[in-house]
Amino acid sequence: MTTDLTPRKKTWALGLLVAAQFLIVIDSAVVNVALPSMEEDLDFSPHGLTWVVNAYTLTLGGFLLLGGRLADRLGRRRMFCLGLGLFTLASLFGGMAQTDIWLIATRAVQGIGAAIVSPAAMSLLATTFREGAERNRAFAIWGAANGAGGAAGVLLGGVLTEGLGWRWVLFINVPIGVVAVLMAFSMLMESKEDQAPGFDFSGAVAVTAGLALLVYGLVDAQNAGWSSGQTIGCLAGGVLLLIVFVAIQARTRSPLMPLTIFRLRTLRGANAVAVLANMGLLAMFFFLALYLQQVLHYSALASGVAYLPLTAGILIAANVAGRLTTKIGLKATLSTGLIVLALGFLWFAQLRGAGGSYVGDVLGPCIVSGVGFGLSVVPITIAAVSGTRPEEAGLASGLVNTAQQVGGALGLGILDAVAVARTSSVTSGGEHRTEVALTEGYTMGFYVSVGFVLLALVAALTLIGGRERDEAESVVQDEPAGAASPTA
């Protein structure tokens, strides 16, 4: 099913949806640079400060699947506006925070809003643009915004924090969010699943609680310890609740997530690749920021500027990836992107702690990794919704977003532990130069990231069809009688 918008209205709709997603992605990174200022102003404890980031990650990862299904059931435009309104309101109150608990609470609400907006926006793209070249071009722009948002967030955070103060990394969302909500009613067409015999409340509780526990266990594992009762209990509890959720879906008459969606080979492959690739991708931003500031001693603003070549590589490659996917297919484009990304990470693993420089150590792998990221993110996004029925667009969008969040949290937890262990080993071995010991940890993290990306490549080669459509079952027809219908 595709909506009957004119080409001009489709262009405006694309711009609005991409801008909203860009806002959501930026907010995952924009606060990182402002953390020292927040710590000083609101008297955070070192452990409490991490929850400015983790609270957003926790609720975003926990509510994505529910947010996607609600978009299918209650209306994609409606949920897009509701989520963006919640995100905007939380940003306003977050910028006004007077205590650490206040700020953390508003960040958690921001994450819930983002978990509603992101799958709704992605499913609106899938139902607005016709499968094939038209949708591929739209997802290329979406992928560019999705990929560049993290890098742009670091730069924007540095500019706002140094120029206007940390509160403006949150206040900046308010005017953008208000304008976007107002524009949505005239630029987006409503669409939803027509037949909704009931709502799977028990499934919604199980999957949201399970994902939240899983993400919490992962993001706090470094603080609590990987072998601690908290970490083991959260991870075990999360997995158990997700098993219960699957059992509920197999038995209920109106499942939140119909298990039949996993019959689509390309969808299964897209989610597997999303988990594995994001296990390495998030660590790239994390380790690079630390290397720039702790080894090369860059300021927050200079670190943000240093990300520009990475951002440029993502933007250019994502634009090319849309056309490549149409021409040579999902598998070829995605595999190429993952190979280039692995090479970029391998180059990053050669970082020097002594005598390192931006031009000699960072610039080249930034460009290569950016190109690999851009070539990968677009076909993953397309594959995630390829072949799904119109009424499953929100669910498919929520699934791949959840896979990315869980993969990122899992990878960062593992790779941070690997880096810390390597740094400690080098230090105990007699290395007294802090920059050298830290760099040894970062490079070890990048080597492990290469392994994750290569596993993602194996998944792409074995689970994703050769062309954009995954056999006959992935051909999405124009809306048949009884399927979701758009309304003005």
# chains A, B, ... in the order shown; residues from 1 in each chain; ligands from 1
>>> residues_around(residues="range 393-400 of chain A", least_positions_apart="3", cutoff="7 Å", atoms="only C-alpha atoms", output="ChimeraX atom specification")
/A:64-65,67-69,71-72,119-120,122-123,126,257,271,274,384-385,388-390,403-404
>>> write_last_selection(atoms="all heavy atoms", output="compact mmCIF listing (two decimals), in the first residue's frame")
# COMPACT_ATOMS: atom_id res chain seq x y z
N LEU A 64 10.47 0.46 21.87
CA LEU A 64 10.44 0.54 20.41
C LEU A 64 9.44 -0.43 19.77
O LEU A 64 8.68 -0.05 18.87
CB LEU A 64 11.84 0.28 19.84
CG LEU A 64 12.75 1.49 19.69
CD1 LEU A 64 14.17 1.05 19.42
CD2 LEU A 64 12.25 2.41 18.58
N LEU A 65 9.46 -1.67 20.20
CA LEU A 65 8.58 -2.66 19.58
C LEU A 65 7.12 -2.33 19.85
O LEU A 65 6.27 -2.40 18.95
CB LEU A 65 8.91 -4.06 20.11
CG LEU A 65 8.24 -5.23 19.39
CD1 LEU A 65 8.56 -5.22 17.91
CD2 LEU A 65 8.66 -6.55 20.02
N GLY A 67 5.98 0.68 20.49
CA GLY A 67 5.70 1.89 19.73
C GLY A 67 5.38 1.60 18.28
O GLY A 67 4.45 2.18 17.70
N GLY A 68 6.11 0.68 17.68
CA GLY A 68 5.85 0.31 16.29
C GLY A 68 4.50 -0.33 16.10
O GLY A 68 3.78 -0.04 15.14
N ARG A 69 4.12 -1.21 17.03
CA ARG A 69 2.84 -1.89 16.88
C ARG A 69 1.67 -0.94 17.15
O ARG A 69 0.62 -1.04 16.51
CB ARG A 69 2.78 -3.09 17.83
CG ARG A 69 1.72 -4.11 17.44
CD ARG A 69 1.93 -4.58 16.02
NE ARG A 69 1.02 -5.67 15.66
CZ ARG A 69 0.52 -5.83 14.44
NH1 ARG A 69 0.80 -4.95 13.49
NH2 ARG A 69 -0.26 -6.85 14.17
N ALA A 71 1.65 2.14 16.38
CA ALA A 71 1.51 2.93 15.16
C ALA A 71 0.63 2.19 14.14
O ALA A 71 -0.22 2.80 13.48
CB ALA A 71 2.88 3.23 14.56
N ASP A 72 0.84 0.89 14.01
CA ASP A 72 0.01 0.10 13.09
C ASP A 72 -1.45 0.09 13.54
O ASP A 72 -2.37 0.17 12.72
CB ASP A 72 0.51 -1.36 13.03
CG ASP A 72 1.83 -1.49 12.29
OD1 ASP A 72 2.11 -0.64 11.43
OD2 ASP A 72 2.58 -2.44 12.59
N PRO A 119 9.74 4.30 14.97
CA PRO A 119 9.08 3.30 14.12
C PRO A 119 7.88 3.86 13.36
O PRO A 119 7.59 3.41 12.25
CB PRO A 119 8.65 2.22 15.12
CG PRO A 119 8.62 2.89 16.44
CD PRO A 119 9.68 3.95 16.39
N ALA A 120 7.19 4.85 13.96
CA ALA A 120 6.07 5.46 13.24
C ALA A 120 6.56 6.18 12.00
O ALA A 120 5.97 6.08 10.92
CB ALA A 120 5.32 6.44 14.16
N MET A 122 9.40 5.63 10.33
CA MET A 122 9.94 4.67 9.36
C MET A 122 8.81 3.94 8.63
O MET A 122 8.88 3.71 7.41
CB MET A 122 10.85 3.68 10.07
CG MET A 122 11.57 2.72 9.14
SD MET A 122 12.76 1.73 10.08
CE MET A 122 13.08 0.41 8.90
N SER A 123 7.74 3.60 9.35
CA SER A 123 6.62 2.91 8.70
C SER A 123 5.85 3.87 7.79
O SER A 123 5.30 3.45 6.77
CB SER A 123 5.68 2.30 9.74
OG SER A 123 5.15 3.29 10.60
N ALA A 126 7.64 3.76 4.63
CA ALA A 126 7.36 2.51 3.89
C ALA A 126 6.00 2.53 3.22
O ALA A 126 5.81 1.94 2.16
CB ALA A 126 7.47 1.31 4.84
N MET A 257 2.90 -9.07 18.17
CA MET A 257 3.88 -9.34 17.12
C MET A 257 3.57 -10.70 16.49
O MET A 257 3.99 -11.74 17.00
CB MET A 257 5.30 -9.35 17.69
CG MET A 257 6.38 -9.55 16.64
SD MET A 257 8.05 -9.67 17.36
CE MET A 257 7.96 -11.31 18.07
N ASN A 271 17.47 -8.06 10.61
CA ASN A 271 17.56 -7.90 12.06
C ASN A 271 18.82 -8.53 12.63
O ASN A 271 19.44 -7.98 13.56
CB ASN A 271 16.30 -8.46 12.73
CG ASN A 271 15.12 -7.52 12.60
OD1 ASN A 271 14.97 -6.60 13.39
ND2 ASN A 271 14.29 -7.73 11.58
N ALA A 274 21.56 -6.16 11.75
CA ALA A 274 21.44 -4.94 12.55
C ALA A 274 22.04 -5.13 13.93
O ALA A 274 22.75 -4.26 14.44
CB ALA A 274 19.98 -4.51 12.65
N ALA A 384 14.62 -4.45 6.15
CA ALA A 384 13.80 -4.63 7.34
C ALA A 384 12.31 -4.54 7.04
O ALA A 384 11.50 -5.13 7.76
CB ALA A 384 14.18 -3.59 8.39
N VAL A 385 11.93 -3.79 6.01
CA VAL A 385 10.50 -3.64 5.69
C VAL A 385 10.14 -4.28 4.36
O VAL A 385 8.97 -4.29 3.97
CB VAL A 385 10.08 -2.15 5.68
CG1 VAL A 385 10.25 -1.53 7.06
CG2 VAL A 385 10.86 -1.36 4.64
N THR A 388 7.04 -6.93 3.82
CA THR A 388 6.02 -6.92 4.86
C THR A 388 4.70 -6.38 4.31
O THR A 388 4.69 -5.56 3.39
CB THR A 388 6.45 -6.04 6.05
OG1 THR A 388 6.73 -4.71 5.58
CG2 THR A 388 7.69 -6.60 6.71
N ARG A 389 3.60 -6.83 4.89
CA ARG A 389 2.29 -6.30 4.52
C ARG A 389 2.14 -4.90 5.08
O ARG A 389 2.79 -4.55 6.07
CB ARG A 389 1.18 -7.22 5.06
CG ARG A 389 1.19 -8.61 4.44
CD ARG A 389 -0.09 -9.36 4.78
NE ARG A 389 -0.24 -9.53 6.22
CZ ARG A 389 0.22 -10.57 6.91
NH1 ARG A 389 0.88 -11.53 6.28
NH2 ARG A 389 0.02 -10.66 8.20
N PRO A 390 1.29 -4.07 4.47
CA PRO A 390 1.14 -2.69 4.94
C PRO A 390 0.82 -2.58 6.43
O PRO A 390 1.34 -1.71 7.11
CB PRO A 390 -0.01 -2.14 4.08
CG PRO A 390 0.04 -2.96 2.83
CD PRO A 390 0.47 -4.32 3.25
N ALA A 403 16.50 -4.07 17.30
CA ALA A 403 17.72 -4.82 17.03
C ALA A 403 18.95 -3.91 17.08
O ALA A 403 20.00 -4.28 17.63
CB ALA A 403 17.63 -5.50 15.66
N GLN A 404 18.83 -2.72 16.51
CA GLN A 404 19.94 -1.77 16.53
C GLN A 404 20.27 -1.32 17.94
O GLN A 404 21.45 -1.25 18.33
CB GLN A 404 19.60 -0.58 15.64
CG GLN A 404 19.56 -0.90 14.16
CD GLN A 404 18.94 0.20 13.33
OE1 GLN A 404 18.23 1.07 13.82
NE2 GLN A 404 19.21 0.19 12.03
>>> select_by_dssp(residues="range 349-395 of chain A", states="alpha helix (DSSP H)", output="PyMOL selection string")
chain A and resi 363-385+393-395
>>> closest_residue(among="A:Ala321, A:Val450, A:Leu14, A:Val371", to="Trp347 in chain A", atoms="only C-alpha atoms")
A:Val450
>>> closest_residue(among="A:Tyr447, A:Phe286, A:Tyr298, A:Trp142", to="Leu346 in chain A", atoms="only C-alpha atoms")
A:Tyr447
>>> atom_distance(atom1="CA of Ala204 in chain A", atom2="CA of Gln249 in chain A")
10.1 Å
>>> residues_around(residues="Phe44 in chain A", least_positions_apart="2", cutoff="12 Å", atoms="only C-alpha atoms", output="count of residues only")
22
>>> closest_residue(among="A:Val244, A:Ala332, A:Ile382, A:Leu454", to="Val207 in chain A", atoms="only C-alpha atoms")
A:Val244
